[in-house]
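What follows is the content of target12.cif (mmCIF, C-alpha atoms).
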```
data_query
#
loop_
_atom_site.group_PDB
_atom_site.id
_atom_site.type_symbol
_atom_site.label_atom_id
_atom_site.label_comp_id
_atom_site.auth_asym_id
_atom_site.auth_seq_id
_atom_site.Cartn_x
_atom_site.Cartn_y
_atom_site.Cartn_z
ATOM 1 C CA MET A 19 -0.148 31.345 -14.334
ATOM 2 C CA ALA A 20 1.163 29.764 -17.543
ATOM 3 C CA ASN A 21 4.581 31.291 -16.875
ATOM 4 C CA ILE A 22 4.658 29.773 -13.371
ATOM 5 C CA LYS A 23 3.746 26.343 -14.754
ATOM 6 C CA THR A 24 6.513 26.629 -17.351
ATOM 7 C CA ARG A 25 9.082 27.499 -14.689
ATOM 8 C CA LEU A 26 7.991 24.628 -12.442
ATOM 9 C CA SER A 27 8.168 22.186 -15.351
ATOM 10 C CA ALA A 28 11.651 23.397 -16.205
ATOM 11 C CA LEU A 29 12.736 23.135 -12.564
ATOM 12 C CA PHE A 30 11.497 19.593 -12.010
ATOM 13 C CA GLY A 31 12.401 18.494 -15.517
ATOM 14 C CA SER A 32 16.053 19.339 -14.901
ATOM 15 C CA ALA A 33 16.179 17.546 -11.536
ATOM 16 C CA PRO A 34 18.106 14.238 -11.463
ATOM 17 C CA ASP A 35 16.059 11.038 -11.527
ATOM 18 C CA GLY A 36 17.136 10.184 -7.993
ATOM 19 C CA ALA A 37 15.676 13.415 -6.638
ATOM 20 C CA LYS A 38 12.505 12.860 -8.645
ATOM 21 C CA GLY A 39 12.184 9.334 -7.246
ATOM 22 C CA VAL A 40 12.542 10.552 -3.664
ATOM 23 C CA GLY A 41 10.029 13.314 -4.347
ATOM 24 C CA PHE A 42 7.492 10.859 -5.748
ATOM 25 C CA MET A 43 7.987 8.571 -2.739
ATOM 26 C CA LEU A 44 7.457 11.471 -0.332
ATOM 27 C CA GLY A 45 4.275 12.347 -2.209
ATOM 28 C CA SER A 46 3.121 8.724 -2.113
ATOM 29 C CA ALA A 47 3.714 8.487 1.648
ATOM 30 C CA ALA A 48 1.869 11.738 2.344
ATOM 31 C CA SER A 49 -1.062 10.771 0.085
ATOM 32 C CA ILE A 50 -1.589 7.315 1.569
ATOM 33 C CA SER A 51 -1.317 8.774 5.066
ATOM 34 C CA GLY A 52 -4.106 11.218 4.273
ATOM 35 C CA ALA A 53 -6.223 8.365 2.897
ATOM 36 C CA ASN A 54 -5.600 6.246 6.019
ATOM 37 C CA GLY A 55 -6.589 9.137 8.261
ATOM 38 C CA ALA A 56 -9.809 9.595 6.286
ATOM 39 C CA VAL A 57 -10.587 5.869 6.585
ATOM 40 C CA GLN A 58 -10.200 6.039 10.356
ATOM 41 C CA HIS A 59 -12.370 9.165 10.522
ATOM 42 C CA LEU A 60 -15.173 7.545 8.508
ATOM 43 C CA SER A 61 -14.972 4.286 10.465
ATOM 44 C CA HIS A 62 -15.651 6.344 13.606
ATOM 45 C CA SER A 63 -18.683 7.972 11.951
ATOM 46 C CA ASN A 64 -20.635 4.687 11.780
ATOM 47 C CA LEU A 65 -19.788 3.940 8.145
ATOM 48 C CA HIS A 66 -18.629 0.322 7.971
ATOM 49 C CA VAL A 67 -15.098 -0.235 6.707
ATOM 50 C CA PHE A 68 -16.343 -2.734 4.096
ATOM 51 C CA GLU A 69 -18.455 0.012 2.559
ATOM 52 C CA ILE A 70 -15.513 2.421 2.727
ATOM 53 C CA ALA A 71 -13.430 -0.142 0.818
ATOM 54 C CA PHE A 72 -16.135 -0.471 -1.842
ATOM 55 C CA PHE A 73 -16.341 3.261 -2.474
ATOM 56 C CA ARG A 74 -12.538 3.434 -2.511
ATOM 57 C CA GLN A 75 -12.579 0.934 -5.369
ATOM 58 C CA LEU A 76 -15.577 2.403 -7.209
ATOM 59 C CA LEU A 77 -14.286 5.980 -7.236
ATOM 60 C CA GLY A 78 -10.753 4.766 -7.936
ATOM 61 C CA LEU A 79 -12.110 2.871 -10.977
ATOM 62 C CA ILE A 80 -13.677 6.073 -12.280
ATOM 63 C CA PHE A 81 -10.398 7.971 -11.913
ATOM 64 C CA MET A 82 -8.337 5.170 -13.475
ATOM 65 C CA SER A 83 -10.747 4.846 -16.420
ATOM 66 C CA ALA A 84 -10.600 8.587 -17.040
ATOM 67 C CA LEU A 85 -6.794 8.414 -17.072
ATOM 68 C CA PHE A 86 -6.153 5.306 -19.155
ATOM 69 C CA LEU A 87 -9.234 4.517 -21.264
ATOM 70 C CA ARG A 88 -9.548 7.825 -23.098
ATOM 71 C CA GLY A 89 -7.987 6.268 -26.182
ATOM 72 C CA GLY A 90 -10.113 3.122 -26.212
ATOM 73 C CA LEU A 91 -10.298 -0.319 -24.609
ATOM 74 C CA ARG A 92 -6.973 -1.643 -25.896
ATOM 75 C CA PRO A 93 -5.374 -1.618 -22.389
ATOM 76 C CA LEU A 94 -7.982 -4.214 -21.316
ATOM 77 C CA ILE A 95 -6.712 -6.863 -23.754
ATOM 78 C CA THR A 96 -5.285 -9.741 -21.707
ATOM 79 C CA ARG A 97 -4.598 -13.469 -21.797
ATOM 80 C CA LYS A 98 -4.240 -13.734 -18.013
ATOM 81 C CA PHE A 99 -7.780 -12.981 -16.871
ATOM 82 C CA GLY A 100 -7.730 -15.733 -14.225
ATOM 83 C CA LEU A 101 -4.610 -14.279 -12.610
ATOM 84 C CA HIS A 102 -6.200 -10.831 -12.625
ATOM 85 C CA VAL A 103 -9.196 -12.264 -10.762
ATOM 86 C CA LEU A 104 -6.946 -14.019 -8.212
ATOM 87 C CA ARG A 105 -4.928 -10.839 -7.648
ATOM 88 C CA SER A 106 -8.112 -8.802 -7.197
ATOM 89 C CA VAL A 107 -9.606 -11.204 -4.647
ATOM 90 C CA LEU A 108 -6.374 -11.142 -2.641
ATOM 91 C CA ASN A 109 -6.191 -7.354 -2.856
ATOM 92 C CA VAL A 110 -9.757 -6.875 -1.636
ATOM 93 C CA LEU A 111 -9.295 -9.256 1.283
ATOM 94 C CA ALA A 112 -6.038 -7.497 2.205
ATOM 95 C CA MET A 113 -7.716 -4.087 2.006
ATOM 96 C CA LEU A 114 -10.698 -5.172 4.109
ATOM 97 C CA ALA A 115 -8.392 -6.571 6.784
ATOM 98 C CA PHE A 116 -6.236 -3.431 6.750
ATOM 99 C CA PHE A 117 -9.213 -1.068 6.933
ATOM 100 C CA TYR A 118 -10.665 -3.144 9.763
ATOM 101 C CA GLY A 119 -7.366 -2.831 11.601
ATOM 102 C CA LEU A 120 -7.450 0.936 11.010
ATOM 103 C CA SER A 121 -10.884 1.132 12.627
ATOM 104 C CA LEU A 122 -9.570 -0.517 15.814
ATOM 105 C CA GLU A 123 -5.977 0.654 16.280
ATOM 106 C CA PRO A 124 -4.060 3.967 16.412
ATOM 107 C CA LEU A 125 -2.799 5.102 13.013
ATOM 108 C CA ALA A 126 0.892 4.968 13.922
ATOM 109 C CA LYS A 127 0.633 1.375 15.143
ATOM 110 C CA VAL A 128 -1.196 0.198 12.013
ATOM 111 C CA VAL A 129 1.242 1.926 9.661
ATOM 112 C CA SER A 130 4.263 0.638 11.607
ATOM 113 C CA LEU A 131 3.041 -2.954 11.411
ATOM 114 C CA GLY A 132 2.248 -2.367 7.745
ATOM 115 C CA LEU A 133 5.958 -1.832 7.106
ATOM 116 C CA THR A 134 6.421 -5.612 7.407
ATOM 117 C CA ALA A 135 4.600 -6.145 4.066
ATOM 118 C CA PRO A 136 7.795 -6.227 1.926
ATOM 119 C CA LEU A 137 9.248 -8.899 4.224
ATOM 120 C CA PHE A 138 6.109 -11.013 3.826
ATOM 121 C CA ALA A 139 6.480 -10.493 0.073
ATOM 122 C CA THR A 140 10.038 -11.869 0.184
ATOM 123 C CA VAL A 141 8.780 -15.045 1.827
ATOM 124 C CA GLY A 142 5.979 -15.286 -0.745
ATOM 125 C CA ALA A 143 8.444 -15.001 -3.621
ATOM 126 C CA VAL A 144 10.542 -17.801 -2.126
ATOM 127 C CA ILE A 145 7.535 -20.114 -1.638
ATOM 128 C CA PHE A 146 5.645 -19.488 -4.879
ATOM 129 C CA LEU A 147 8.287 -18.275 -7.338
ATOM 130 C CA ARG A 148 11.106 -20.472 -6.041
ATOM 131 C CA GLU A 149 13.333 -17.456 -5.510
ATOM 132 C CA ARG A 150 16.454 -18.076 -3.487
ATOM 133 C CA MET A 151 16.313 -17.375 0.265
ATOM 134 C CA THR A 152 19.751 -15.856 0.725
ATOM 135 C CA PRO A 153 21.402 -15.374 4.138
ATOM 136 C CA HIS A 154 20.741 -11.626 4.092
ATOM 137 C CA ARG A 155 17.038 -12.293 3.497
ATOM 138 C CA TRP A 156 16.931 -14.579 6.534
ATOM 139 C CA ILE A 157 18.633 -11.865 8.588
ATOM 140 C CA ALA A 158 16.210 -9.201 7.344
ATOM 141 C CA LEU A 159 13.234 -11.430 8.097
ATOM 142 C CA ALA A 160 14.485 -12.111 11.627
ATOM 143 C CA ILE A 161 15.022 -8.387 12.264
ATOM 144 C CA GLY A 162 11.572 -7.591 10.888
ATOM 145 C CA ILE A 163 9.914 -10.190 13.113
ATOM 146 C CA ALA A 164 11.770 -8.722 16.094
ATOM 147 C CA GLY A 165 10.428 -5.278 15.200
ATOM 148 C CA ALA A 166 6.872 -6.580 14.980
ATOM 149 C CA LEU A 167 7.256 -8.311 18.350
ATOM 150 C CA ILE A 168 8.482 -5.042 19.884
ATOM 151 C CA ILE A 169 5.259 -3.388 18.734
ATOM 152 C CA LEU A 170 2.964 -6.277 19.709
ATOM 153 C CA ARG A 171 4.790 -7.310 22.905
ATOM 154 C CA PRO A 172 2.984 -10.647 23.287
ATOM 155 C CA GLY A 173 3.043 -11.919 26.852
ATOM 156 C CA ILE A 174 3.283 -8.373 28.170
ATOM 157 C CA GLN A 175 0.031 -7.214 26.621
ATOM 158 C CA VAL A 176 -2.779 -8.949 24.734
ATOM 159 C CA VAL A 177 -2.241 -9.010 20.980
ATOM 160 C CA SER A 178 -5.264 -7.085 19.720
ATOM 161 C CA LEU A 179 -7.646 -8.089 16.938
ATOM 162 C CA GLY A 180 -6.760 -4.939 15.011
ATOM 163 C CA ALA A 181 -3.050 -5.799 15.019
ATOM 164 C CA LEU A 182 -3.805 -9.341 13.856
ATOM 165 C CA MET A 183 -5.900 -7.921 11.001
ATOM 166 C CA VAL A 184 -2.971 -5.814 9.839
ATOM 167 C CA LEU A 185 -0.642 -8.830 9.862
ATOM 168 C CA ILE A 186 -3.231 -10.903 7.976
ATOM 169 C CA SER A 187 -3.522 -8.045 5.490
ATOM 170 C CA ASN A 188 0.249 -8.070 5.011
ATOM 171 C CA SER A 189 0.322 -11.802 4.334
ATOM 172 C CA LEU A 190 -2.498 -11.547 1.769
ATOM 173 C CA TRP A 191 -0.851 -8.557 0.130
ATOM 174 C CA ALA A 192 2.417 -10.523 -0.071
ATOM 175 C CA VAL A 193 0.735 -13.273 -2.095
ATOM 176 C CA ALA A 194 -0.928 -10.609 -4.256
ATOM 177 C CA LEU A 195 2.515 -9.106 -4.963
ATOM 178 C CA VAL A 196 3.695 -12.508 -6.186
ATOM 179 C CA VAL A 197 0.733 -12.663 -8.585
ATOM 180 C CA ILE A 198 1.468 -9.101 -9.732
ATOM 181 C CA LYS A 199 5.085 -10.080 -10.387
ATOM 182 C CA VAL A 200 3.902 -12.952 -12.590
ATOM 183 C CA LEU A 201 1.427 -10.697 -14.416
ATOM 184 C CA THR A 202 3.962 -7.975 -15.171
ATOM 185 C CA ARG A 203 6.091 -10.472 -17.100
ATOM 186 C CA THR A 204 3.548 -10.330 -19.947
ATOM 187 C CA GLU A 205 1.109 -7.519 -19.057
ATOM 188 C CA SER A 206 1.659 -3.763 -19.032
ATOM 189 C CA SER A 207 1.436 -1.885 -15.742
ATOM 190 C CA VAL A 208 -1.599 -0.011 -17.098
ATOM 191 C CA THR A 209 -3.436 -3.280 -17.843
ATOM 192 C CA VAL A 210 -2.621 -4.636 -14.372
ATOM 193 C CA ALA A 211 -3.821 -1.424 -12.696
ATOM 194 C CA LEU A 212 -7.026 -1.219 -14.726
ATOM 195 C CA TYR A 213 -8.056 -4.816 -14.094
ATOM 196 C CA SER A 214 -7.289 -4.307 -10.439
ATOM 197 C CA SER A 215 -9.816 -1.467 -10.202
ATOM 198 C CA LEU A 216 -12.332 -3.087 -12.551
ATOM 199 C CA LEU A 217 -12.515 -6.429 -10.724
ATOM 200 C CA GLN A 218 -12.030 -5.266 -7.160
ATOM 201 C CA THR A 219 -15.084 -3.002 -7.261
ATOM 202 C CA PRO A 220 -17.749 -5.775 -7.560
ATOM 203 C CA ILE A 221 -15.796 -8.031 -5.182
ATOM 204 C CA ALA A 222 -15.703 -5.303 -2.538
ATOM 205 C CA PHE A 223 -19.420 -4.664 -3.077
ATOM 206 C CA MET A 224 -20.218 -8.298 -2.205
ATOM 207 C CA PHE A 225 -18.819 -7.640 1.276
ATOM 208 C CA ALA A 226 -20.216 -4.109 1.636
ATOM 209 C CA VAL A 227 -23.814 -5.015 0.782
ATOM 210 C CA PHE A 228 -24.281 -6.788 4.130
ATOM 211 C CA PHE A 229 -23.487 -3.576 6.024
ATOM 212 C CA TRP A 230 -24.955 -1.095 3.573
ATOM 213 C CA GLN A 231 -26.151 2.348 4.523
ATOM 214 C CA TRP A 232 -26.280 5.312 2.198
ATOM 215 C CA PRO A 233 -23.455 7.741 2.966
ATOM 216 C CA THR A 234 -24.251 11.370 3.657
ATOM 217 C CA ALA A 235 -23.007 14.171 1.391
ATOM 218 C CA GLU A 236 -20.178 14.880 3.818
ATOM 219 C CA GLN A 237 -19.187 11.211 3.939
ATOM 220 C CA LEU A 238 -19.172 11.089 0.125
ATOM 221 C CA LEU A 239 -16.656 13.924 0.088
ATOM 222 C CA TRP A 240 -14.427 12.007 2.499
ATOM 223 C CA LEU A 241 -14.810 8.867 0.363
ATOM 224 C CA ALA A 242 -13.832 10.814 -2.747
ATOM 225 C CA GLY A 243 -10.782 12.088 -0.874
ATOM 226 C CA ILE A 244 -9.777 8.518 0.037
ATOM 227 C CA ALA A 245 -10.071 7.439 -3.603
ATOM 228 C CA ILE A 246 -8.130 10.456 -4.899
ATOM 229 C CA PHE A 247 -5.340 10.188 -2.339
ATOM 230 C CA GLY A 248 -5.157 6.407 -2.729
ATOM 231 C CA THR A 249 -4.892 6.645 -6.521
ATOM 232 C CA ILE A 250 -2.265 9.404 -6.321
ATOM 233 C CA SER A 251 -0.272 7.325 -3.843
ATOM 234 C CA GLN A 252 -0.232 4.247 -6.102
ATOM 235 C CA LEU A 253 0.761 6.225 -9.199
ATOM 236 C CA ALA A 254 3.468 8.127 -7.295
ATOM 237 C CA LEU A 255 4.811 4.888 -5.778
ATOM 238 C CA THR A 256 5.106 3.289 -9.220
ATOM 239 C CA GLU A 257 6.834 6.381 -10.600
ATOM 240 C CA ALA A 258 9.235 6.516 -7.625
ATOM 241 C CA PHE A 259 10.509 2.998 -8.282
ATOM 242 C CA ARG A 260 10.692 3.735 -12.025
ATOM 243 C CA LYS A 261 12.838 6.831 -11.510
ATOM 244 C CA ALA A 262 15.295 5.501 -8.926
ATOM 245 C CA ASP A 263 16.571 2.399 -7.118
ATOM 246 C CA ALA A 264 14.572 1.092 -4.182
ATOM 247 C CA THR A 265 17.503 1.678 -1.836
ATOM 248 C CA LEU A 266 17.359 5.396 -2.626
ATOM 249 C CA VAL A 267 13.601 5.941 -2.346
ATOM 250 C CA LEU A 268 12.713 3.545 0.496
ATOM 251 C CA PRO A 269 13.902 5.854 3.310
ATOM 252 C CA ALA A 270 11.352 8.439 2.133
ATOM 253 C CA ASP A 271 8.607 5.825 2.538
ATOM 254 C CA PHE A 272 9.327 5.775 6.285
ATOM 255 C CA THR A 273 7.746 9.249 6.501
ATOM 256 C CA LYS A 274 4.409 7.379 6.538
ATOM 257 C CA VAL A 275 5.043 6.657 10.203
ATOM 258 C CA ILE A 276 5.714 10.340 10.892
ATOM 259 C CA TRP A 277 2.564 11.392 9.033
ATOM 260 C CA ALA A 278 0.502 8.735 10.826
ATOM 261 C CA SER A 279 1.786 9.909 14.205
ATOM 262 C CA LEU A 280 0.999 13.559 13.432
ATOM 263 C CA ILE A 281 -2.470 12.833 12.028
ATOM 264 C CA GLY A 282 -3.271 10.513 14.917
ATOM 265 C CA TYR A 283 -2.132 13.059 17.494
ATOM 266 C CA PHE A 284 -3.771 16.195 16.088
ATOM 267 C CA PHE A 285 -7.014 14.710 14.739
ATOM 268 C CA PHE A 286 -7.677 11.676 16.950
ATOM 269 C CA SER A 287 -5.818 12.548 20.177
ATOM 270 C CA GLN A 288 -3.654 9.439 19.792
ATOM 271 C CA VAL A 289 -0.302 9.552 21.556
ATOM 272 C CA PRO A 290 2.041 6.995 19.906
ATOM 273 C CA GLU A 291 3.639 4.509 22.278
ATOM 274 C CA ILE A 292 7.424 4.576 22.428
ATOM 275 C CA TRP A 293 7.499 0.869 21.586
ATOM 276 C CA VAL A 294 5.614 1.519 18.350
ATOM 277 C CA GLY A 295 8.327 3.970 17.279
ATOM 278 C CA VAL A 296 11.137 1.615 18.254
ATOM 279 C CA GLY A 297 9.487 -1.296 16.446
ATOM 280 C CA ALA A 298 8.877 0.827 13.348
ATOM 281 C CA VAL A 299 12.568 1.772 13.164
ATOM 282 C CA VAL A 300 13.606 -1.878 13.558
ATOM 283 C CA ILE A 301 11.174 -3.063 10.859
ATOM 284 C CA PHE A 302 12.241 -0.318 8.477
ATOM 285 C CA SER A 303 15.898 -1.210 9.070
ATOM 286 C CA ALA A 304 15.109 -4.790 8.075
ATOM 287 C CA VAL A 305 13.283 -3.717 4.905
ATOM 288 C CA PHE A 306 16.063 -1.332 3.896
ATOM 289 C CA TYR A 307 18.780 -3.887 4.619
ATOM 290 C CA ASN A 308 16.936 -6.489 2.536
ATOM 291 C CA SER A 309 16.498 -4.075 -0.374
ATOM 292 C CA TYR A 310 20.092 -2.827 -0.192
ATOM 293 C CA SER A 311 21.509 -6.355 -0.047
ATOM 294 C CA ASP A 312 19.371 -7.512 -2.977
ATOM 295 C CA ALA A 313 20.516 -4.527 -5.048
ATOM 296 C CA ARG A 314 24.185 -5.147 -4.206
ATOM 297 C CA PHE A 315 23.810 -8.853 -4.996
ATOM 298 C CA SER A 316 22.188 -8.025 -8.356
ATOM 299 C CA ARG A 317 24.979 -5.598 -9.277
ATOM 300 C CA ALA A 318 27.618 -8.154 -8.337
ATOM 301 C CA GLY A 319 25.858 -10.799 -10.402
ATOM 302 C CA SER A 320 25.535 -8.573 -13.456
ATOM 303 C CA SER A 321 29.231 -7.649 -13.331
ATOM 304 C CA THR A 322 30.322 -11.295 -13.247
ATOM 305 C CA PRO A 323 31.569 -12.374 -16.723
#
```
Can you turn what I pasted into structure tokens?
Amino acid sequence: MANIKTRLSALFGSAPDGAKGVGFMLGSAASISGANGAVQHLSHSNLHVFEIAFFRQLLGLIFMSALFLRGGLRPLITRKFGLHVLRSVLNVLAMLAFFYGLSLEPLAKVVSLGLTAPLFATVGAVIFLRERMTPHRWIALAIGIAGALIILRPGIQVVSLGALMVLISNSLWAVALVVIKVLTRTESSVTVALYSSLLQTPIAFMFAVFFWQWPTAEQLLWLAGIAIFGTISQLALTEAFRKADATLVLPADFTKVIWASLIGYFFFSQVPEIWVGVGAVVIFSAVFYNSYSDARFSRAGSSTP
């Protein structure tokens, strides 16, 4: 067994950073897809999504503490406690809205609409951080909106409550990303992640307590799975962007839609609509174009004397 581990370490250790980044992104997409499927399963077993969100945070806090607080409480030192609280409130509200959308809509549709989150984040950075809204960002935003409209098809069908919840979740998450961007200027990623788990747990409980019922042993196992897969996904996502450029790893993130379609079909008998697939491709194209254009603009700017 030790020999196998040594060989695997040597194999992955010698891989280029780009390949590692894509691998981490594939792992992140698969992990979050498993967590989303588990959320939908539990929401159909009469466990309220607010309670699912609370246990996701509580168990995630335990895992994060075990990972990062073994050497003491130094990672919790901060001068930006108010911003950590604001970020946590936004995160919880975004998670509750997203989980609620998951309880009402097919997995593939929720995940496809969720792809618009980076575009919302671009708008948030322009409004709150005074970042420049370049022409390519306007184009990407327009393409992304078109993709969302293809999925929603307002006027042809009623825009459902679940779909609206996902879009609300994206807008809240976009503002949270702006706060995270401000925090990471002075705080380490470990400090940001720890305060996220530490503060979001009691906030989520304030919502869950109104719908409380004790989960069964089987439900606890599913909840633990959600927390484990969710934590793995976040860590892998961070590592993917650390190892390689966003333009290289983003295409691998699109596999979330494939995973969601497969899980929805085989476990929930959900047949994805063709318009959901078309809209997902359009939205992803917008996100990739935005990321690629930003990267090219940054390289051009850095090479200017």
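Note that the spacing between atom CA of A:Gly100 and atom CA of A:Gln252 amounts to 22.8 Å.
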*Evaluate the PyMOL selection byres ((chain A and resi 193-207) around 6) and report residues as a ChimeraX atom specification*: /A:105,108,142-143,190-192,208-210
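Shortest separation to A:Ser46 among A:Ser303, A:Thr256, A:Ser309, A:Gln288 occurs at residue A:Thr256, atoms counted being all atoms listed in the file.
Nearest residue to A:Ala245, choosing from A:Gly162, A:Gly52, A:Pro34, A:Gly39 and counting all atoms listed in the file: A:Gly52.
You will find atom CA of A:Ile244 at 27.0 Å from atom CA of A:Ala166.
Residues in contact with A:Ser189 at 8 Å, where all atoms listed in the file are counted and same-chain residues fewer than 6 positions away are skipped, are listed as A:Ala112, A:Ala135, A:Phe138, A:Ala139.
When all atoms listed in the file are used to measure the gap to A:Arg171, the shortest distance among A:Ala84, A:Leu111, A:Met151, A:Val296 belongs to A:Val296.
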Quick check on the file I pasted: which residues fall under the PyMOL selection byres ((chain A and resi 60) around 12)? Write them as a compact mmCIF listing (two decimals) with C-alpha atoms, keeping the file's coordinate frame.
```txt
# COMPACT_ATOMS: atom_id res chain seq x y z
CA ALA A 53 -6.22 8.36 2.90
CA ASN A 54 -5.60 6.25 6.02
CA GLY A 55 -6.59 9.14 8.26
CA ALA A 56 -9.81 9.60 6.29
CA VAL A 57 -10.59 5.87 6.58
CA GLN A 58 -10.20 6.04 10.36
CA HIS A 59 -12.37 9.16 10.52
CA SER A 61 -14.97 4.29 10.46
CA HIS A 62 -15.65 6.34 13.61
CA SER A 63 -18.68 7.97 11.95
CA ASN A 64 -20.64 4.69 11.78
CA LEU A 65 -19.79 3.94 8.14
CA HIS A 66 -18.63 0.32 7.97
CA VAL A 67 -15.10 -0.24 6.71
CA PHE A 68 -16.34 -2.73 4.10
CA GLU A 69 -18.45 0.01 2.56
CA ILE A 70 -15.51 2.42 2.73
CA ALA A 71 -13.43 -0.14 0.82
CA PHE A 73 -16.34 3.26 -2.47
CA PHE A 117 -9.21 -1.07 6.93
CA TYR A 118 -10.66 -3.14 9.76
CA LEU A 120 -7.45 0.94 11.01
CA SER A 121 -10.88 1.13 12.63
CA PRO A 233 -23.46 7.74 2.97
CA THR A 234 -24.25 11.37 3.66
CA GLU A 236 -20.18 14.88 3.82
CA GLN A 237 -19.19 11.21 3.94
CA LEU A 238 -19.17 11.09 0.12
CA LEU A 239 -16.66 13.92 0.09
CA TRP A 240 -14.43 12.01 2.50
CA LEU A 241 -14.81 8.87 0.36
CA ALA A 242 -13.83 10.81 -2.75
CA GLY A 243 -10.78 12.09 -0.87
CA ILE A 244 -9.78 8.52 0.04
```
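Interatomic distance, atom CA of A:Pro220 to atom CA of A:Ala115: 17.1 Å.
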*Taking into account all atoms listed in the file, which residue in the set A:Leu125, A:Ile50, A:Ala158, A:Val227 is nearest to A:Val141?*
A:Ala158
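Proximity to A:Ala298 was assessed for A:Lys98, A:Lys127, A:Lys261, A:His154 counting all atoms listed in the file; the smallest distance is recorded for A:Lys127.
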*Pick from A:Trp293, A:Tyr213, A:Phe225, A:Tyr310, whichever lies nearest to A:Ala164 using only C-alpha atoms*: A:Trp293
*Which residues come within 7 Å of stretch 266-278 of chain A, counting all atoms listed in the file, excluding same-chain residues fewer than 6 positions away, as a PyMOL selection string?*
chain A and resi 39-40+43-44+47-48+51+125-126+129-130+258+306
Can you sort out the box for stretch 174-189 of chain A, edges along x, y and z, all listed atoms in, 3 Å on every side, with centre and edge lengths in Å to one decimal, as lines of an AutoDock Vina configuration file?
```
center_x = -2.2
center_y = -8.4
center_z = 16.3
size_x = 16.9
size_y = 12.9
size_z = 29.8
```
